[in-house]
>>> print(open('structure_14.cif').read())   # mmCIF, N, CA and C atoms
data_start
#
loop_
_atom_site.group_PDB
_atom_site.id
_atom_site.type_symbol
_atom_site.label_atom_id
_atom_site.label_comp_id
_atom_site.auth_asym_id
_atom_site.auth_seq_id
_atom_site.Cartn_x
_atom_site.Cartn_y
_atom_site.Cartn_z
ATOM 1 N N GLU A 264 128.485 186.286 114.863
ATOM 2 C CA GLU A 264 129.336 185.860 113.787
ATOM 3 C C GLU A 264 128.553 185.152 112.687
ATOM 4 N N LEU A 265 127.589 184.319 113.070
ATOM 5 C CA LEU A 265 126.789 183.631 112.058
ATOM 6 C C LEU A 265 125.911 184.607 111.294
ATOM 7 N N VAL A 266 125.403 185.607 111.980
ATOM 8 C CA VAL A 266 124.589 186.619 111.309
ATOM 9 C C VAL A 266 125.389 187.269 110.199
ATOM 10 N N GLU A 267 126.615 187.614 110.485
ATOM 11 C CA GLU A 267 127.492 188.229 109.491
ATOM 12 C C GLU A 267 127.776 187.266 108.345
ATOM 13 N N GLU A 268 128.014 186.023 108.676
ATOM 14 C CA GLU A 268 128.343 185.018 107.661
ATOM 15 C C GLU A 268 127.196 184.789 106.674
ATOM 16 N N TYR A 269 125.965 184.856 107.139
ATOM 17 C CA TYR A 269 124.806 184.567 106.292
ATOM 18 C C TYR A 269 124.059 185.821 105.829
ATOM 19 N N LYS A 270 124.615 186.996 106.061
ATOM 20 C CA LYS A 270 123.886 188.237 105.773
ATOM 21 C C LYS A 270 123.483 188.387 104.311
ATOM 22 N N SER A 271 124.220 187.792 103.388
ATOM 23 C CA SER A 271 123.870 187.925 101.971
ATOM 24 C C SER A 271 122.946 186.806 101.488
ATOM 25 N N ASN A 272 122.553 185.911 102.373
ATOM 26 C CA ASN A 272 121.664 184.809 102.008
ATOM 27 C C ASN A 272 120.258 185.125 102.497
ATOM 28 N N ASP A 273 119.366 185.441 101.568
ATOM 29 C CA ASP A 273 118.004 185.820 101.960
ATOM 30 C C ASP A 273 117.162 184.634 102.424
ATOM 31 N N LYS A 274 117.711 183.434 102.379
ATOM 32 C CA LYS A 274 116.997 182.251 102.876
ATOM 33 C C LYS A 274 117.254 182.016 104.363
ATOM 34 N N VAL A 275 118.169 182.793 104.933
ATOM 35 C CA VAL A 275 118.514 182.641 106.351
ATOM 36 C C VAL A 275 118.104 183.914 107.091
ATOM 37 N N VAL A 276 117.292 183.746 108.128
ATOM 38 C CA VAL A 276 116.811 184.870 108.930
ATOM 39 C C VAL A 276 117.114 184.574 110.392
ATOM 40 N N PHE A 277 117.681 185.553 111.066
ATOM 41 C CA PHE A 277 117.954 185.436 112.497
ATOM 42 C C PHE A 277 116.962 186.323 113.240
ATOM 43 N N LEU A 278 116.296 185.753 114.232
ATOM 44 C CA LEU A 278 115.322 186.481 115.043
ATOM 45 C C LEU A 278 115.629 186.270 116.522
ATOM 46 N N ALA A 279 115.339 187.289 117.304
ATOM 47 C CA ALA A 279 115.426 187.173 118.756
ATOM 48 C C ALA A 279 114.031 187.412 119.314
ATOM 49 N N PHE A 280 113.568 186.504 120.148
ATOM 50 C CA PHE A 280 112.250 186.626 120.763
ATOM 51 C C PHE A 280 112.410 187.046 122.218
ATOM 52 N N SER A 281 111.516 187.903 122.668
ATOM 53 C CA SER A 281 111.572 188.392 124.041
ATOM 54 C C SER A 281 110.184 188.395 124.654
ATOM 55 N N THR A 282 110.124 188.074 125.926
ATOM 56 C CA THR A 282 108.854 188.168 126.645
ATOM 57 C C THR A 282 108.588 189.606 127.083
ATOM 58 N N ASP A 283 109.614 190.457 127.015
ATOM 59 C CA ASP A 283 109.449 191.868 127.374
ATOM 60 C C ASP A 283 108.607 192.594 126.331
ATOM 61 N N ASN A 284 108.005 193.721 126.749
ATOM 62 C CA ASN A 284 107.214 194.492 125.794
ATOM 63 C C ASN A 284 108.122 195.263 124.834
ATOM 64 N N LYS A 285 107.529 195.800 123.783
ATOM 65 C CA LYS A 285 108.280 196.461 122.715
ATOM 66 C C LYS A 285 109.130 197.625 123.236
ATOM 67 N N GLN A 286 108.582 198.448 124.133
ATOM 68 C CA GLN A 286 109.314 199.601 124.652
ATOM 69 C C GLN A 286 110.556 199.169 125.425
ATOM 70 N N THR A 287 110.435 198.121 126.230
ATOM 71 C CA THR A 287 111.568 197.623 126.996
ATOM 72 C C THR A 287 112.653 197.105 126.064
ATOM 73 N N VAL A 288 112.261 196.372 125.038
ATOM 74 C CA VAL A 288 113.227 195.850 124.071
ATOM 75 C C VAL A 288 113.905 196.995 123.330
ATOM 76 N N GLU A 289 113.140 197.996 122.915
ATOM 77 C CA GLU A 289 113.736 199.136 122.204
ATOM 78 C C GLU A 289 114.736 199.880 123.076
ATOM 79 N N ARG A 290 114.420 200.059 124.369
ATOM 80 C CA ARG A 290 115.375 200.692 125.289
ATOM 81 C C ARG A 290 116.640 199.864 125.411
ATOM 82 N N PHE A 291 116.485 198.563 125.545
ATOM 83 C CA PHE A 291 117.643 197.665 125.637
ATOM 84 C C PHE A 291 118.514 197.778 124.389
ATOM 85 N N LEU A 292 117.888 197.852 123.226
ATOM 86 C CA LEU A 292 118.642 197.900 121.972
ATOM 87 C C LEU A 292 119.372 199.226 121.772
ATOM 88 N N THR A 293 118.992 200.273 122.506
ATOM 89 C CA THR A 293 119.747 201.528 122.425
ATOM 90 C C THR A 293 121.077 201.406 123.167
ATOM 91 N N ARG A 294 121.137 200.449 124.100
ATOM 92 C CA ARG A 294 122.362 200.250 124.882
ATOM 93 C C ARG A 294 123.230 199.104 124.363
ATOM 94 N N ARG A 295 122.622 198.226 123.594
ATOM 95 C CA ARG A 295 123.357 197.045 123.109
ATOM 96 C C ARG A 295 122.935 196.748 121.681
ATOM 97 N N ALA A 296 123.902 196.708 120.792
ATOM 98 C CA ALA A 296 123.607 196.494 119.371
ATOM 99 C C ALA A 296 123.453 195.008 119.051
ATOM 100 N N PHE A 297 122.448 194.706 118.254
ATOM 101 C CA PHE A 297 122.250 193.358 117.728
ATOM 102 C C PHE A 297 122.035 193.488 116.234
ATOM 103 N N ASN A 298 122.561 192.531 115.475
ATOM 104 C CA ASN A 298 122.481 192.583 114.026
ATOM 105 C C ASN A 298 121.325 191.778 113.459
ATOM 106 N N TYR A 299 120.301 191.562 114.257
ATOM 107 C CA TYR A 299 119.158 190.825 113.758
ATOM 108 C C TYR A 299 117.871 191.360 114.380
ATOM 109 N N LYS A 300 116.760 190.952 113.818
ATOM 110 C CA LYS A 300 115.456 191.488 114.230
ATOM 111 C C LYS A 300 115.023 190.912 115.573
ATOM 112 N N HIS A 301 114.282 191.738 116.320
ATOM 113 C CA HIS A 301 113.751 191.343 117.618
ATOM 114 C C HIS A 301 112.223 191.354 117.572
ATOM 115 N N VAL A 302 111.636 190.363 118.200
ATOM 116 C CA VAL A 302 110.185 190.266 118.297
ATOM 117 C C VAL A 302 109.847 190.284 119.782
ATOM 118 N N ALA A 303 109.100 191.304 120.195
ATOM 119 C CA ALA A 303 108.793 191.488 121.621
ATOM 120 C C ALA A 303 107.422 190.920 121.982
ATOM 121 N N GLY A 304 107.237 190.675 123.270
ATOM 122 C CA GLY A 304 105.938 190.293 123.800
ATOM 123 C C GLY A 304 105.444 188.935 123.345
ATOM 124 N N VAL A 305 106.318 187.949 123.290
ATOM 125 C CA VAL A 305 105.923 186.642 122.759
ATOM 126 C C VAL A 305 105.864 185.561 123.843
ATOM 127 N N GLY A 306 105.588 185.967 125.058
ATOM 128 C CA GLY A 306 105.546 185.011 126.167
ATOM 129 C C GLY A 306 104.594 183.857 125.936
ATOM 130 N N ASP A 307 103.395 184.142 125.422
ATOM 131 C CA ASP A 307 102.414 183.084 125.171
ATOM 132 C C ASP A 307 102.916 182.093 124.128
ATOM 133 N N MET A 308 103.534 182.601 123.075
ATOM 134 C CA MET A 308 104.050 181.733 122.023
ATOM 135 C C MET A 308 105.153 180.831 122.569
ATOM 136 N N LEU A 309 106.068 181.403 123.366
ATOM 137 C CA LEU A 309 107.156 180.609 123.920
ATOM 138 C C LEU A 309 106.624 179.526 124.849
ATOM 139 N N GLU A 310 105.580 179.859 125.579
ATOM 140 C CA GLU A 310 104.961 178.873 126.471
ATOM 141 C C GLU A 310 104.362 177.729 125.662
ATOM 142 N N LYS A 311 103.675 178.044 124.568
ATOM 143 C CA LYS A 311 103.088 177.007 123.713
ATOM 144 C C LYS A 311 104.157 176.117 123.089
ATOM 145 N N LEU A 312 105.307 176.698 122.780
ATOM 146 C CA LEU A 312 106.414 175.932 122.207
ATOM 147 C C LEU A 312 107.254 175.241 123.272
ATOM 148 N N GLU A 313 106.883 175.464 124.541
ATOM 149 C CA GLU A 313 107.583 174.890 125.691
ATOM 150 C C GLU A 313 109.043 175.317 125.746
ATOM 151 N N ILE A 314 109.273 176.602 125.432
ATOM 152 C CA ILE A 314 110.619 177.172 125.520
ATOM 153 C C ILE A 314 110.709 177.967 126.809
ATOM 154 N N GLY A 315 111.596 177.541 127.690
ATOM 155 C CA GLY A 315 111.756 178.229 128.961
ATOM 156 C C GLY A 315 113.199 178.543 129.285
ATOM 157 N N THR A 316 114.105 178.124 128.410
ATOM 158 C CA THR A 316 115.530 178.349 128.607
ATOM 159 C C THR A 316 116.003 179.406 127.622
ATOM 160 N N PHE A 317 116.821 180.332 128.115
ATOM 161 C CA PHE A 317 117.378 181.360 127.239
ATOM 162 C C PHE A 317 118.888 181.311 127.310
ATOM 163 N N PRO A 318 119.591 181.346 126.201
ATOM 164 C CA PRO A 318 118.995 181.375 124.870
ATOM 165 C C PRO A 318 118.537 179.980 124.443
ATOM 166 N N THR A 319 117.556 179.945 123.555
ATOM 167 C CA THR A 319 117.165 178.720 122.865
ATOM 168 C C THR A 319 117.378 178.976 121.389
ATOM 169 N N ASN A 320 118.076 178.090 120.738
ATOM 170 C CA ASN A 320 118.365 178.225 119.310
ATOM 171 C C ASN A 320 117.556 177.211 118.536
ATOM 172 N N LEU A 321 116.876 177.684 117.492
ATOM 173 C CA LEU A 321 116.115 176.823 116.614
ATOM 174 C C LEU A 321 116.570 177.028 115.183
ATOM 175 N N VAL A 322 116.582 175.954 114.420
ATOM 176 C CA VAL A 322 116.772 176.049 112.982
ATOM 177 C C VAL A 322 115.485 175.505 112.382
ATOM 178 N N ILE A 323 114.830 176.349 111.598
ATOM 179 C CA ILE A 323 113.563 175.984 110.963
ATOM 180 C C ILE A 323 113.791 176.006 109.465
ATOM 181 N N ASP A 324 113.434 174.914 108.799
ATOM 182 C CA ASP A 324 113.701 174.845 107.360
ATOM 183 C C ASP A 324 112.647 175.617 106.565
ATOM 184 N N SER A 325 112.796 175.630 105.254
ATOM 185 C CA SER A 325 111.905 176.429 104.397
ATOM 186 C C SER A 325 110.470 175.904 104.380
ATOM 187 N N ASP A 326 110.260 174.690 104.868
ATOM 188 C CA ASP A 326 108.910 174.132 104.969
ATOM 189 C C ASP A 326 108.270 174.435 106.321
ATOM 190 N N GLY A 327 108.997 175.159 107.190
ATOM 191 C CA GLY A 327 108.479 175.494 108.508
ATOM 192 C C GLY A 327 108.686 174.406 109.541
ATOM 193 N N LYS A 328 109.477 173.395 109.213
ATOM 194 C CA LYS A 328 109.743 172.288 110.128
ATOM 195 C C LYS A 328 110.967 172.621 110.992
ATOM 196 N N THR A 329 110.832 172.433 112.295
ATOM 197 C CA THR A 329 111.960 172.635 113.200
ATOM 198 C C THR A 329 112.895 171.441 113.051
ATOM 199 N N VAL A 330 114.114 171.718 112.577
ATOM 200 C CA VAL A 330 115.072 170.643 112.343
ATOM 201 C C VAL A 330 116.138 170.575 113.435
ATOM 202 N N PHE A 331 116.182 171.602 114.291
ATOM 203 C CA PHE A 331 117.146 171.610 115.391
ATOM 204 C C PHE A 331 116.653 172.550 116.470
ATOM 205 N N ILE A 332 116.811 172.128 117.714
ATOM 206 C CA ILE A 332 116.499 172.994 118.853
ATOM 207 C C ILE A 332 117.448 172.649 119.994
ATOM 208 N N ALA A 333 117.994 173.678 120.614
ATOM 209 C CA ALA A 333 118.889 173.477 121.761
ATOM 210 C C ALA A 333 118.737 174.652 122.710
ATOM 211 N N GLY A 334 118.549 174.355 123.974
ATOM 212 C CA GLY A 334 118.426 175.389 124.988
ATOM 213 C C GLY A 334 119.726 175.588 125.730
ATOM 214 N N GLY A 335 119.995 176.829 126.098
ATOM 215 C CA GLY A 335 121.192 177.147 126.848
ATOM 216 C C GLY A 335 122.382 177.384 125.941
ATOM 217 N N TYR A 336 123.503 177.749 126.565
ATOM 218 C CA TYR A 336 124.721 177.996 125.798
ATOM 219 C C TYR A 336 125.722 176.895 126.091
ATOM 220 N N PHE A 337 126.362 176.412 125.043
ATOM 221 C CA PHE A 337 127.481 175.489 125.202
ATOM 222 C C PHE A 337 128.463 175.779 124.068
ATOM 223 N N PRO A 338 129.756 175.614 124.323
ATOM 224 C CA PRO A 338 130.789 176.078 123.393
ATOM 225 C C PRO A 338 130.628 175.679 121.922
ATOM 226 N N PRO A 339 130.248 174.436 121.574
ATOM 227 C CA PRO A 339 130.195 174.115 120.143
ATOM 228 C C PRO A 339 128.914 174.558 119.430
ATOM 229 N N ILE A 340 128.066 175.360 120.071
ATOM 230 C CA ILE A 340 126.775 175.706 119.471
ATOM 231 C C ILE A 340 126.933 176.403 118.112
ATOM 232 N N LYS A 341 127.930 177.245 117.958
ATOM 233 C CA LYS A 341 128.109 177.952 116.686
ATOM 234 C C LYS A 341 128.329 176.972 115.539
ATOM 235 N N SER A 342 129.219 176.031 115.722
ATOM 236 C CA SER A 342 129.498 175.075 114.644
ATOM 237 C C SER A 342 128.301 174.162 114.392
ATOM 238 N N ILE A 343 127.560 173.810 115.427
ATOM 239 C CA ILE A 343 126.368 172.980 115.253
ATOM 240 C C ILE A 343 125.306 173.758 114.476
ATOM 241 N N LEU A 344 125.076 175.021 114.863
ATOM 242 C CA LEU A 344 124.092 175.838 114.150
ATOM 243 C C LEU A 344 124.486 176.016 112.688
ATOM 244 N N LYS A 345 125.748 176.282 112.428
ATOM 245 C CA LYS A 345 126.213 176.436 111.046
ATOM 246 C C LYS A 345 125.949 175.165 110.240
ATOM 247 N N TYR A 346 126.283 174.030 110.814
ATOM 248 C CA TYR A 346 126.048 172.760 110.135
ATOM 249 C C TYR A 346 124.553 172.570 109.838
ATOM 250 N N MET A 347 123.699 172.821 110.815
ATOM 251 C CA MET A 347 122.260 172.615 110.631
ATOM 252 C C MET A 347 121.664 173.612 109.634
ATOM 253 N N ILE A 348 122.139 174.853 109.665
ATOM 254 C CA ILE A 348 121.671 175.853 108.687
ATOM 255 C C ILE A 348 122.067 175.409 107.283
ATOM 256 N N ASP A 349 123.329 175.064 107.102
ATOM 257 C CA ASP A 349 123.809 174.646 105.778
ATOM 258 C C ASP A 349 123.056 173.415 105.289
ATOM 259 N N LYS A 350 122.808 172.478 106.179
ATOM 260 C CA LYS A 350 122.082 171.253 105.820
ATOM 261 C C LYS A 350 120.640 171.566 105.399
ATOM 262 N N SER A 351 120.067 172.618 105.971
ATOM 263 C CA SER A 351 118.672 172.976 105.696
ATOM 264 C C SER A 351 118.490 173.811 104.438
ATOM 265 N N LEU A 352 119.579 174.352 103.904
ATOM 266 C CA LEU A 352 119.475 175.198 102.714
ATOM 267 C C LEU A 352 119.283 174.390 101.446
#
>>> encode(input="structure_14.cif", output="structure tokens")
Amino acid sequence: ELVEEYKSNDKVVFLAFSTDNKQTVERFLTRRAFNYKHVAGVGDMLEKLEIGTFPTNLVIDSDGKTVFIAGGYFPPIKSILKYMIDKSL
């Protein structure tokens, strides 16, 4: 829903990171549609960022500073992400 809401704003980018290789991700995407870009094979990067929970949501501002991070799913995450995105614009 947030992807759709911000689709006309070129300052907002949604990415999905996966530890799986590119072929595995491409096969998965043939069975399940996602409206945002996927980056495969990023296990080392996630380890360096100490991300081990999926999903993990980050809001990174235009200066590259992480202004919000939350691991796991909880019901108010959509409204929190919207607030943090809007605050960062």
>>> atom_distance(input="structure_14.cif", atom1="atom C of Phe331 (chain A)", atom2="atom C of Tyr346 (chain A)")
10.3 Å
>>> residues_around(input="structure_14.cif", residues="region 316-327 of chain A", least_positions_apart="2", cutoff="7 Å", atoms="all atoms listed in the file", output="list of chain:residue names")
A:Glu313, A:Ile314, A:Thr329, A:Val330, A:Phe331, A:Ile332, A:Ala333, A:Gly334, A:Gly335, A:Tyr336, A:Met347, A:Ile348, A:Ser351, A:Leu352
>>> select_by_dssp(input="structure_14.cif", residues="chain A", states="strand (DSSP E or B)", output="count of residues only")
17
>>> closest_residue(input="structure_14.cif", among="A:Val305, A:Pro339, A:Leu312, A:Tyr299", to="Leu278 (chain A)", atoms="all atoms listed in the file")
A:Tyr299
>>> atom_distance(input="structure_14.cif", atom1="atom N of Lys345 (chain A)", atom2="CA of Phe297 (chain A)")
18.2 Å
>>> atom_distance(input="structure_14.cif", atom1="CA of Glu268 (chain A)", atom2="CA of Thr293 (chain A)")
23.8 Å
>>> select_by_dssp(input="structure_14.cif", residues="region 312-352 of chain A", states="alpha helix (DSSP H)", output="list in words")
Ile340, Lys341, Ser342, Ile343, Leu344, Lys345, Tyr346, Met347, Ile348, Asp349, Lys350 and Ser351 of chain A
>>> closest_residue(input="structure_14.cif", among="A:Leu309, A:Lys328, A:Ile343, A:Ala303", to="Glu289 (chain A)", atoms="all atoms listed in the file")
A:Ala303
>>> resolve_selection(input="structure_14.cif", expression="the PyMOL selection byres (((chain A and resi 285 and name CA) around 8) and name CA)", output="PyMOL selection string")
chain A and resi 283-284+286-289+302-304
>>> axis_aligned_box(input="structure_14.cif", around="region 310-313 of chain A", padding_each_side="4 Å", output="lines of an AutoDock Vina configuration file")
center_x = 106.1
center_y = 177.4
center_z = 124.3
size_x = 14.0
size_y = 13.0
size_z = 12.3
>>> resolve_selection(input="structure_14.cif", expression="the PyMOL selection byres (((chain A and resi 264 and name CA) around 12) and name CA)", output="list in words")
Leu265, Val266, Glu267, Glu268, Tyr269, Lys270, Phe277, Phe297, Asn298, Tyr299, Ile340, Lys341, Ser342, Leu344 and Lys345 of chain A
>>> build_atoms(input="structure_14.cif", residues="region 285-303 of chain A", atoms="N, CA, C and O atoms", output="PDB file, in the frame of the given file")
ATOM      1  N   LYS A 285     107.529 195.800 123.783  1.00  0.00           N
ATOM      2  CA  LYS A 285     108.280 196.461 122.715  1.00  0.00           C
ATOM      3  C   LYS A 285     109.130 197.625 123.236  1.00  0.00           C
ATOM      4  O   LYS A 285     110.285 197.779 122.844  1.00  0.00           O
ATOM      5  N   GLN A 286     108.582 198.448 124.133  1.00  0.00           N
ATOM      6  CA  GLN A 286     109.314 199.601 124.652  1.00  0.00           C
ATOM      7  C   GLN A 286     110.556 199.169 125.425  1.00  0.00           C
ATOM      8  O   GLN A 286     111.620 199.786 125.303  1.00  0.00           O
ATOM      9  N   THR A 287     110.435 198.121 126.230  1.00  0.00           N
ATOM     10  CA  THR A 287     111.568 197.623 126.996  1.00  0.00           C
ATOM     11  C   THR A 287     112.653 197.105 126.064  1.00  0.00           C
ATOM     12  O   THR A 287     113.842 197.384 126.266  1.00  0.00           O
ATOM     13  N   VAL A 288     112.261 196.372 125.038  1.00  0.00           N
ATOM     14  CA  VAL A 288     113.227 195.850 124.071  1.00  0.00           C
ATOM     15  C   VAL A 288     113.905 196.995 123.330  1.00  0.00           C
ATOM     16  O   VAL A 288     115.132 196.998 123.150  1.00  0.00           O
ATOM     17  N   GLU A 289     113.140 197.996 122.915  1.00  0.00           N
ATOM     18  CA  GLU A 289     113.736 199.136 122.204  1.00  0.00           C
ATOM     19  C   GLU A 289     114.736 199.880 123.076  1.00  0.00           C
ATOM     20  O   GLU A 289     115.792 200.291 122.605  1.00  0.00           O
ATOM     21  N   ARG A 290     114.420 200.059 124.369  1.00  0.00           N
ATOM     22  CA  ARG A 290     115.375 200.692 125.289  1.00  0.00           C
ATOM     23  C   ARG A 290     116.640 199.864 125.411  1.00  0.00           C
ATOM     24  O   ARG A 290     117.753 200.384 125.394  1.00  0.00           O
ATOM     25  N   PHE A 291     116.485 198.563 125.545  1.00  0.00           N
ATOM     26  CA  PHE A 291     117.643 197.665 125.637  1.00  0.00           C
ATOM     27  C   PHE A 291     118.514 197.778 124.389  1.00  0.00           C
ATOM     28  O   PHE A 291     119.738 197.829 124.484  1.00  0.00           O
ATOM     29  N   LEU A 292     117.888 197.852 123.226  1.00  0.00           N
ATOM     30  CA  LEU A 292     118.642 197.900 121.972  1.00  0.00           C
ATOM     31  C   LEU A 292     119.372 199.226 121.772  1.00  0.00           C
ATOM     32  O   LEU A 292     120.304 199.295 120.978  1.00  0.00           O
ATOM     33  N   THR A 293     118.992 200.273 122.506  1.00  0.00           N
ATOM     34  CA  THR A 293     119.747 201.528 122.425  1.00  0.00           C
ATOM     35  C   THR A 293     121.077 201.406 123.167  1.00  0.00           C
ATOM     36  O   THR A 293     122.005 202.150 122.900  1.00  0.00           O
ATOM     37  N   ARG A 294     121.137 200.449 124.100  1.00  0.00           N
ATOM     38  CA  ARG A 294     122.362 200.250 124.882  1.00  0.00           C
ATOM     39  C   ARG A 294     123.230 199.104 124.363  1.00  0.00           C
ATOM     40  O   ARG A 294     124.400 199.022 124.685  1.00  0.00           O
ATOM     41  N   ARG A 295     122.622 198.226 123.594  1.00  0.00           N
ATOM     42  CA  ARG A 295     123.357 197.045 123.109  1.00  0.00           C
ATOM     43  C   ARG A 295     122.935 196.748 121.681  1.00  0.00           C
ATOM     44  O   ARG A 295     121.761 196.565 121.401  1.00  0.00           O
ATOM     45  N   ALA A 296     123.902 196.708 120.792  1.00  0.00           N
ATOM     46  CA  ALA A 296     123.607 196.494 119.371  1.00  0.00           C
ATOM     47  C   ALA A 296     123.453 195.008 119.051  1.00  0.00           C
ATOM     48  O   ALA A 296     124.217 194.179 119.546  1.00  0.00           O
ATOM     49  N   PHE A 297     122.448 194.706 118.254  1.00  0.00           N
ATOM     50  CA  PHE A 297     122.250 193.358 117.728  1.00  0.00           C
ATOM     51  C   PHE A 297     122.035 193.488 116.234  1.00  0.00           C
ATOM     52  O   PHE A 297     121.398 194.426 115.770  1.00  0.00           O
ATOM     53  N   ASN A 298     122.561 192.531 115.475  1.00  0.00           N
ATOM     54  CA  ASN A 298     122.481 192.583 114.026  1.00  0.00           C
ATOM     55  C   ASN A 298     121.325 191.778 113.459  1.00  0.00           C
ATOM     56  O   ASN A 298     121.384 191.333 112.325  1.00  0.00           O
ATOM     57  N   TYR A 299     120.301 191.562 114.257  1.00  0.00           N
ATOM     58  CA  TYR A 299     119.158 190.825 113.758  1.00  0.00           C
ATOM     59  C   TYR A 299     117.871 191.360 114.380  1.00  0.00           C
ATOM     60  O   TYR A 299     117.905 192.130 115.335  1.00  0.00           O
ATOM     61  N   LYS A 300     116.760 190.952 113.818  1.00  0.00           N
ATOM     62  CA  LYS A 300     115.456 191.488 114.230  1.00  0.00           C
ATOM     63  C   LYS A 300     115.023 190.912 115.573  1.00  0.00           C
ATOM     64  O   LYS A 300     115.331 189.775 115.902  1.00  0.00           O
ATOM     65  N   HIS A 301     114.282 191.738 116.320  1.00  0.00           N
ATOM     66  CA  HIS A 301     113.751 191.343 117.618  1.00  0.00           C
ATOM     67  C   HIS A 301     112.223 191.354 117.572  1.00  0.00           C
ATOM     68  O   HIS A 301     111.634 192.267 117.008  1.00  0.00           O
ATOM     69  N   VAL A 302     111.636 190.363 118.200  1.00  0.00           N
ATOM     70  CA  VAL A 302     110.185 190.266 118.297  1.00  0.00           C
ATOM     71  C   VAL A 302     109.847 190.284 119.782  1.00  0.00           C
ATOM     72  O   VAL A 302     110.275 189.407 120.535  1.00  0.00           O
ATOM     73  N   ALA A 303     109.100 191.304 120.195  1.00  0.00           N
ATOM     74  CA  ALA A 303     108.793 191.488 121.621  1.00  0.00           C
ATOM     75  C   ALA A 303     107.422 190.920 121.982  1.00  0.00           C
ATOM     76  O   ALA A 303     106.559 190.746 121.121  1.00  0.00           O
TER      77      ALA A 303
END
